[in-house]
Amino acid sequence: MPETRAITGNGAIAEAMRQIAPDVVAAFPITPSTQIIEDFAGFVADGKVDTELITVESEHSAMSACIGASAAGGRVMTATSANGLALMWEMLYVAAGMRQPILVAVVNRALSAPINIHCDHGDSMGARDAGWIQIYAENNQQAYDNMIMAPAIAGHADVRLPLMVCLDGFIISHSIETMQLEEDRQVQAFIGEHKAFHSLLDTANPSSWGALDLHDYYIEHKKAQQVAMANAKPVIEEVSERFGKEFGRRYELFESYRLDDAERVVVAINSVAGELKEVIDELRDEGEKVGLLKIRVFRPFPYAEIAAALKNSKIVTVLDRSTSMGAYGPLFVEICSSLYDANPRPMLYSRTFGLGGRELLLDDIRDLFEESKRYLNEGKIEKTSDFLNVRGG
Amino acid sequence: MPKLQEMAKKKTAFSSGHRLCAGCPVPIFTKMLTRVTDYDIVVGSATGCLEVASSIFPYSAWNVPWIHTAFENAAATMSGVEAMARVRSKRNGNAKKIKCVAIGGDGGTYDIGIQALSAAMERGHDLLYICYDNGAYMNTGIQRSGATPLGAATTTTPAGQVIAGKQQQRKDLSKIMVAHHIDYVAQASIHDPIDLSEKIKKGIELDGPAFLNILSPCVPGWRINPDMAVESASLAVETCFWPLYEVDSGDYTVNYKPGKKRPVSDWLLTQGRFRHLKDPQWAHLIDEFQSLIDEQWDWLVAQEKKA
């Protein structure tokens with residue numbers, strides 16, 4: 001029977017991992033993702049899951065061991081945050097380049113320096129070019145659901161790419177929410193068997209992995225990764241649809257919230273969407289045509305679908321919870337790319353918020369919509385890019 | 001122990017057609033991997049000479065399953081492979097046991113890979129880690145490593161007018177591995193195939209972590225002729241620069257004791273990387289080198305006596 005339970009985001013991810021029952025988990029603790037591996041170690045110790053848990057000495061070794069186990073034919077998972085993901089950096093590219101469908105829960109946290117343990121998206125956004133599928137979640141239920149969908153997406157024969165499920169540190173990872181945990185057997189039937197490709201353990205048919213690949217082949221292999229990433233988009237849609245039919249919660253590449261006739265739209269990722277919806281509902285009651293486009297799948301990025309969804313908008317505010325020094329925020333750049341060919345093209349501007357866990361309150365969001373109203377009325381964007389809730393700003 | 005003649009008839013893990021330098025002795029041990037044991041093996045390489053020379057896509061010199069992921073993590077990558085081999089055995093008791101071997105040069109082992117190596121050994125994976133120690137980062141063009149001996153000229157420790165090559169003695173990685181209290185640690189050399197093959201066999205076949213450090217002269221790095229690698233390794237052992245020994249469950253055995261220990265200058269001065277030490281102003285470095293070797297040899301022999 002499905003179970004309704006009050007549980008933290010980390011706890012929900014650990015439950016998803018137990019249900020997925022990976023062959024190997026290699027992990028190193030880092031705040032705020034630690035509880036995932038602690039809970040999972042408990043499941044292993046109690047015999048609730050038959051996984052080889054490798055308690056490595058660093059995140060670099062965690063990802064290295066994940067790649068080894070995956071190349072040896074295993075279903076493999078880990079979890080990390082911030083500096084841990086940064087220490088994996090080299091191996092993220094190797095995992096993707098070697099087409100290993102490794103699953104990682106990234107509990108989003110700000111990168112040092114200055115050291116900070118709270119939420120922003122600098123960690124996973126920095127990894128956006130590494131060749132991993134990235135799926136984001138607003139709340140505990142979505143984080144759990146995304147993780148349940150992850151094996152079928154990453155392991156699909158047309159995809160074979162690693163995948164990170166991203167959730168906001170503390171805001172989601174440590175908040176207890178009431179959510180639905182699905183029944184083990186139903187989840188396992190949904191996920192299906194893991195298919196190994198050219199396993200290292202197939203000693204009768206030896207394969208070589210990770211060969212030196214020079215100018216005569218490298219670019220073909222990179223093109224093949226792009227093709228796999230393009231293939232991932234319909235696969236994500238197909239798996240999400242199957243998930244909806246099976247469990248009743250429907251997901252698309254992004255969520256359109258009161259978007260159809262919205263003139264003023266905010267585009268955002270992850271937990272801030274909850275507050276945005278709250279304010280949008282209030283403003284709608286006041287007759288304002290406002291809406292939200294909440295990113296779920298950031299890689300592969302659904303450019304055309306987003307352009308279509310924003311075709312009626314007049315002004316778009318993009319909220320980035322990370323920053324690219326010397327450039328616009330990564331989400332803003334993608335939204336601009338999506339809308340370049342739109343005719344008419346909505347007004348566009350960027351706001352960076354929440355770095356290192358700085359709160360964005362409901363009143364701040366109201367101010368944000370006030371600003372977009374003013375810009376729209378004046379037909380002019382005063383500041384294309386700015387930080388919200390910052391001293392001296 | 002299989003006879004060398006019998007071993008040579010068995011299928012090798014490593015085929016000809018690889019692109020290692022002429023005279024490189026690394027294939028002496030890679031060819032042995034499957035010849036010393038009846039177990040199926042999986043090999044993982046750190047980035048380095050062996051990796052680049054054995055795997056230029058679309059070719060591979062490996063007749064056994066082989067993986068390379070990066071420079072510093074052969075032990076971590078193979079930890080994952082070994083864990084998966086355990087999963088396989090757990091699920092199918094009849095499955096033929098697979099043994100794991102990681103291979104790195106001294107750069108990938110003494111230096112950038114020591115963290116992953118130390119941790120993999122501490123965790124107790126059923127893994128033989130082989131270091132082929134050629135005393136510098138040879139693959140990137142002969143830069144000094146933690147294994148480079150005192151006084152050796154490398155491209156980052158050149159022999160100049162005022163500095164005579166590397167100013168520090170090498171670290172003793174085999175000793176560091178002994179301090180992990182693992183089942184088996186040994187030093188071997190490519191010039192002694194019987195001792196070498198026995199040690200590879202032991203390391204592969206025991207259930208648990210093992211570390212084997214193989215002295216492997218580098219033709220361009222040591223600035224020796226391509227036909228000199230075996231002789232140079234032999235001299236390293238005869239001078240006691242590179243003692244052949246093993247530590248089996250904590251017990252030391254020195255596998256070879258030269259009847260008469262030759263002076264280290266016999267080994268040093270046959271290599272171009274130490275050529276500058278012939279200059280009288282650096283003669284004291286040879287004396288210093290000799291006293292380091294004497295001290296370490298005496299210590300080693302004393303360990304054996306304790307056991």
# chains A, B, ... in the order shown; residues from 1 in each chain; ligands from 1
>>> interface_residues(of="chain A", to="chain B", cutoff="8 Å", atoms="only C-alpha atoms", output="number ranges by chain")
A: 23-24, 26, 51-52, 54, 56-57, 60-62, 64-74, 91, 94, 200-203, 205-214, 217
>>> write_last_selection(atoms="N, CA, C and O atoms", output="short mmCIF file (atom, residue, chain, number, x, y, z; two decimals), in the first residue's frame")
data_model
loop_
_atom_site.label_atom_id
_atom_site.label_comp_id
_atom_site.auth_asym_id
_atom_site.auth_seq_id
_atom_site.Cartn_x
_atom_site.Cartn_y
_atom_site.Cartn_z
N ASP A 23 22.82 -1.66 -6.94
CA ASP A 23 23.83 -2.69 -6.63
C ASP A 23 24.92 -2.11 -5.75
O ASP A 23 25.39 -2.75 -4.82
N VAL A 24 25.35 -0.89 -6.09
CA VAL A 24 26.45 -0.26 -5.37
C VAL A 24 26.12 1.21 -5.09
O VAL A 24 25.59 1.91 -5.96
N ALA A 26 28.40 4.42 -3.51
CA ALA A 26 29.69 4.87 -2.97
C ALA A 26 29.50 6.32 -2.58
O ALA A 26 29.10 7.13 -3.42
N THR A 51 22.52 -3.80 -0.95
CA THR A 51 23.44 -2.96 -1.72
C THR A 51 24.84 -3.04 -1.12
O THR A 51 24.97 -3.11 0.09
N GLU A 52 25.86 -3.01 -1.96
CA GLU A 52 27.23 -2.86 -1.47
C GLU A 52 27.46 -1.37 -1.25
O GLU A 52 27.49 -0.59 -2.21
N ILE A 54 29.93 1.47 -0.33
CA ILE A 54 31.36 1.77 -0.20
C ILE A 54 31.49 3.14 0.45
O ILE A 54 31.12 4.15 -0.15
N VAL A 56 33.59 5.70 0.98
CA VAL A 56 34.86 6.20 0.45
C VAL A 56 35.42 7.35 1.27
O VAL A 56 34.76 7.85 2.19
N GLU A 57 36.63 7.79 0.90
CA GLU A 57 37.33 8.82 1.68
C GLU A 57 37.17 10.20 1.07
O GLU A 57 37.69 11.17 1.62
N HIS A 60 35.56 12.60 -4.72
CA HIS A 60 36.23 12.22 -5.97
C HIS A 60 36.26 10.71 -6.09
O HIS A 60 35.94 10.14 -7.15
N SER A 61 36.60 10.06 -4.99
CA SER A 61 36.61 8.60 -5.01
C SER A 61 35.19 8.04 -5.07
O SER A 61 34.97 6.96 -5.62
N ALA A 62 34.22 8.76 -4.50
CA ALA A 62 32.83 8.30 -4.58
C ALA A 62 32.41 8.18 -6.04
O ALA A 62 31.90 7.13 -6.48
N SER A 64 34.39 8.10 -8.65
CA SER A 64 35.27 7.13 -9.32
C SER A 64 34.77 5.71 -9.09
O SER A 64 34.70 4.91 -10.02
N ALA A 65 34.43 5.40 -7.85
CA ALA A 65 33.93 4.06 -7.54
C ALA A 65 32.58 3.81 -8.20
O ALA A 65 32.29 2.71 -8.67
N CYS A 66 31.76 4.86 -8.27
CA CYS A 66 30.47 4.73 -8.97
C CYS A 66 30.70 4.37 -10.44
O CYS A 66 30.01 3.51 -10.99
N ILE A 67 31.67 5.02 -11.06
CA ILE A 67 31.95 4.76 -12.47
C ILE A 67 32.45 3.32 -12.63
O ILE A 67 32.00 2.59 -13.53
N GLY A 68 33.34 2.88 -11.75
CA GLY A 68 33.85 1.51 -11.82
C GLY A 68 32.73 0.50 -11.67
O GLY A 68 32.62 -0.46 -12.45
N ALA A 69 31.87 0.73 -10.69
CA ALA A 69 30.77 -0.22 -10.43
C ALA A 69 29.76 -0.21 -11.58
O ALA A 69 29.21 -1.25 -11.95
N SER A 70 29.54 0.96 -12.15
CA SER A 70 28.60 1.07 -13.26
C SER A 70 29.16 0.37 -14.50
O SER A 70 28.45 -0.37 -15.19
N ALA A 71 30.44 0.58 -14.77
CA ALA A 71 31.07 -0.09 -15.91
C ALA A 71 31.12 -1.60 -15.68
O ALA A 71 31.18 -2.37 -16.64
N ALA A 72 31.09 -2.01 -14.42
CA ALA A 72 31.04 -3.44 -14.11
C ALA A 72 29.61 -3.96 -14.11
O ALA A 72 29.35 -5.08 -13.66
N GLY A 73 28.69 -3.15 -14.62
CA GLY A 73 27.33 -3.63 -14.85
C GLY A 73 26.33 -3.33 -13.78
O GLY A 73 25.19 -3.81 -13.83
N GLY A 74 26.69 -2.51 -12.80
CA GLY A 74 25.79 -2.27 -11.68
C GLY A 74 24.89 -1.07 -11.86
O GLY A 74 25.20 -0.16 -12.62
N MET A 91 35.31 13.83 -12.41
CA MET A 91 34.71 12.53 -12.66
C MET A 91 33.28 12.64 -13.20
O MET A 91 32.76 11.70 -13.78
N VAL A 94 33.76 12.39 -16.74
CA VAL A 94 34.16 11.03 -17.11
C VAL A 94 32.93 10.11 -17.10
O VAL A 94 32.73 9.31 -18.01
N LEU A 200 32.25 -4.93 -17.44
CA LEU A 200 33.64 -5.36 -17.19
C LEU A 200 33.69 -6.77 -16.62
O LEU A 200 34.73 -7.42 -16.68
N LEU A 201 32.61 -7.21 -16.01
CA LEU A 201 32.61 -8.54 -15.41
C LEU A 201 32.33 -9.64 -16.44
O LEU A 201 32.36 -10.82 -16.12
N ASP A 202 32.04 -9.24 -17.67
CA ASP A 202 31.85 -10.22 -18.74
C ASP A 202 33.25 -10.58 -19.27
O ASP A 202 33.69 -10.09 -20.31
N THR A 203 33.92 -11.44 -18.51
CA THR A 203 35.32 -11.73 -18.84
C THR A 203 35.47 -12.54 -20.12
O THR A 203 36.54 -12.55 -20.73
N ASN A 205 33.92 -11.83 -22.81
CA ASN A 205 33.90 -10.82 -23.89
C ASN A 205 34.54 -9.53 -23.39
O ASN A 205 33.85 -8.55 -23.10
N PRO A 206 35.85 -9.55 -23.27
CA PRO A 206 36.50 -8.41 -22.62
C PRO A 206 36.33 -7.11 -23.40
O PRO A 206 36.43 -7.10 -24.62
N SER A 207 36.03 -6.04 -22.67
CA SER A 207 35.92 -4.73 -23.31
C SER A 207 36.88 -3.76 -22.62
O SER A 207 37.22 -3.94 -21.45
N SER A 208 37.31 -2.77 -23.37
CA SER A 208 38.19 -1.74 -22.83
C SER A 208 37.38 -0.45 -22.67
O SER A 208 36.72 -0.01 -23.61
N TRP A 209 37.45 0.13 -21.47
CA TRP A 209 36.71 1.37 -21.17
C TRP A 209 37.68 2.49 -20.90
O TRP A 209 38.63 2.32 -20.14
N GLY A 210 37.40 3.65 -21.46
CA GLY A 210 38.21 4.82 -21.10
C GLY A 210 39.50 4.93 -21.90
O GLY A 210 40.52 5.37 -21.38
N ALA A 211 39.43 4.53 -23.16
CA ALA A 211 40.62 4.58 -24.02
C ALA A 211 41.02 6.03 -24.34
O ALA A 211 40.19 6.95 -24.28
N LEU A 212 42.26 6.21 -24.67
CA LEU A 212 42.75 7.50 -25.17
C LEU A 212 42.10 7.75 -26.53
O LEU A 212 42.16 6.91 -27.42
N ASP A 213 41.50 8.92 -26.67
CA ASP A 213 40.64 9.19 -27.83
C ASP A 213 41.09 10.52 -28.42
O ASP A 213 40.80 11.57 -27.86
N LEU A 214 41.78 10.49 -29.52
CA LEU A 214 42.42 11.72 -30.01
C LEU A 214 41.58 12.41 -31.08
O LEU A 214 40.39 12.15 -31.20
N TYR A 217 38.77 10.66 -33.30
CA TYR A 217 37.48 10.12 -32.84
C TYR A 217 36.77 10.96 -31.78
O TYR A 217 35.56 10.83 -31.60
#
>>> residues_around(residues="Lys260 in chain B", least_positions_apart="6", cutoff="12 Å", atoms="only C-alpha atoms", output="list in words")
Val237, Glu238, Thr239 and Cys240 of chain B
>>> write_last_selection(atoms="C-alpha atoms", output="PDB file, in the first residue's frame")
ATOM      1  CA  VAL B 237      68.695  -4.613  -6.647  1.00  0.00           C
ATOM      2  CA  GLU B 238      72.405  -5.563  -6.414  1.00  0.00           C
ATOM      3  CA  THR B 239      73.189  -2.147  -4.903  1.00  0.00           C
ATOM      4  CA  CYS B 240      70.219  -2.507  -2.519  1.00  0.00           C
TER       5      CYS B 240
END
>>> select_by_dssp(residues="range 167-218 of chain A", states="alpha helix (DSSP H)", output="PDB file with N, CA, C and O atoms, in the first residue's frame")
ATOM      1  N   ASP A 184       6.675  -0.529  -2.424  1.00  0.00           N
ATOM      2  CA  ASP A 184       7.965  -1.017  -2.948  1.00  0.00           C
ATOM      3  C   ASP A 184       7.822  -1.770  -4.265  1.00  0.00           C
ATOM      4  O   ASP A 184       8.533  -1.501  -5.233  1.00  0.00           O
ATOM      5  N   ARG A 185       6.900  -2.734  -4.250  1.00  0.00           N
ATOM      6  CA  ARG A 185       6.820  -3.600  -5.439  1.00  0.00           C
ATOM      7  C   ARG A 185       6.361  -2.832  -6.679  1.00  0.00           C
ATOM      8  O   ARG A 185       6.814  -3.083  -7.783  1.00  0.00           O
ATOM      9  N   GLN A 186       5.451  -1.884  -6.439  1.00  0.00           N
ATOM     10  CA  GLN A 186       4.952  -1.083  -7.568  1.00  0.00           C
ATOM     11  C   GLN A 186       6.083  -0.185  -8.115  1.00  0.00           C
ATOM     12  O   GLN A 186       6.226  -0.032  -9.327  1.00  0.00           O
ATOM     13  N   VAL A 187       6.868   0.353  -7.214  1.00  0.00           N
ATOM     14  CA  VAL A 187       8.005   1.187  -7.631  1.00  0.00           C
ATOM     15  C   VAL A 187       8.998   0.339  -8.419  1.00  0.00           C
ATOM     16  O   VAL A 187       9.474   0.739  -9.488  1.00  0.00           O
ATOM     17  N   GLN A 188       9.289  -0.843  -7.885  1.00  0.00           N
ATOM     18  CA  GLN A 188      10.281  -1.693  -8.548  1.00  0.00           C
ATOM     19  C   GLN A 188       9.806  -2.170  -9.919  1.00  0.00           C
ATOM     20  O   GLN A 188      10.597  -2.258 -10.854  1.00  0.00           O
ATOM     21  N   ALA A 189       8.509  -2.430 -10.028  1.00  0.00           N
ATOM     22  CA  ALA A 189       7.964  -2.826 -11.329  1.00  0.00           C
ATOM     23  C   ALA A 189       8.071  -1.656 -12.317  1.00  0.00           C
ATOM     24  O   ALA A 189       8.372  -1.839 -13.494  1.00  0.00           O
ATOM     25  N   PHE A 190       7.850  -0.448 -11.790  1.00  0.00           N
ATOM     26  CA  PHE A 190       7.931   0.739 -12.644  1.00  0.00           C
ATOM     27  C   PHE A 190       9.362   0.949 -13.152  1.00  0.00           C
ATOM     28  O   PHE A 190       9.579   1.270 -14.315  1.00  0.00           O
ATOM     29  N   ILE A 191      10.315   0.744 -12.269  1.00  0.00           N
ATOM     30  CA  ILE A 191      11.723   0.985 -12.611  1.00  0.00           C
ATOM     31  C   ILE A 191      12.246  -0.047 -13.602  1.00  0.00           C
ATOM     32  O   ILE A 191      12.949   0.285 -14.553  1.00  0.00           O
ATOM     33  N   TYR A 218      37.499  11.776 -31.023  1.00  0.00           N
ATOM     34  CA  TYR A 218      36.910  12.447 -29.853  1.00  0.00           C
ATOM     35  C   TYR A 218      35.629  13.198 -30.202  1.00  0.00           C
ATOM     36  O   TYR A 218      34.614  13.087 -29.521  1.00  0.00           O
TER      37      TYR A 218
END
>>> residues_around(residues="range 225-228 of chain B", least_positions_apart="6", cutoff="8 Å", atoms="only C-alpha atoms", output="VMD selection string")
chain B and resid 22 to 24 219
>>> write_last_selection(atoms="N, CA, C and O atoms", output="PDB file, in the first residue's frame")
ATOM      1  N   ALA B  22      60.293   1.501 -27.140  1.00  0.00           N
ATOM      2  CA  ALA B  22      61.212   0.391 -27.351  1.00  0.00           C
ATOM      3  C   ALA B  22      62.051   0.230 -26.084  1.00  0.00           C
ATOM      4  O   ALA B  22      62.575   1.215 -25.563  1.00  0.00           O
ATOM      5  N   GLY B  23      62.101  -0.977 -25.579  1.00  0.00           N
ATOM      6  CA  GLY B  23      62.906  -1.233 -24.390  1.00  0.00           C
ATOM      7  C   GLY B  23      62.186  -0.993 -23.075  1.00  0.00           C
ATOM      8  O   GLY B  23      62.754  -1.214 -22.007  1.00  0.00           O
ATOM      9  N   CYS B  24      60.937  -0.543 -23.122  1.00  0.00           N
ATOM     10  CA  CYS B  24      60.170  -0.343 -21.877  1.00  0.00           C
ATOM     11  C   CYS B  24      59.859  -1.701 -21.272  1.00  0.00           C
ATOM     12  O   CYS B  24      59.306  -2.569 -21.945  1.00  0.00           O
ATOM     13  N   VAL B 219      63.470   4.040 -20.166  1.00  0.00           N
ATOM     14  CA  VAL B 219      64.573   4.294 -21.100  1.00  0.00           C
ATOM     15  C   VAL B 219      64.821   5.800 -21.297  1.00  0.00           C
ATOM     16  O   VAL B 219      65.927   6.292 -21.045  1.00  0.00           O
TER      17      VAL B 219
END
>>> residues_around(residues="Ser145 in chain B", least_positions_apart="2", cutoff="9 Å", atoms="only C-alpha atoms", output="PyMOL selection string")
chain B and resi 106-107+110-111+135-137+142-143+147-149+170
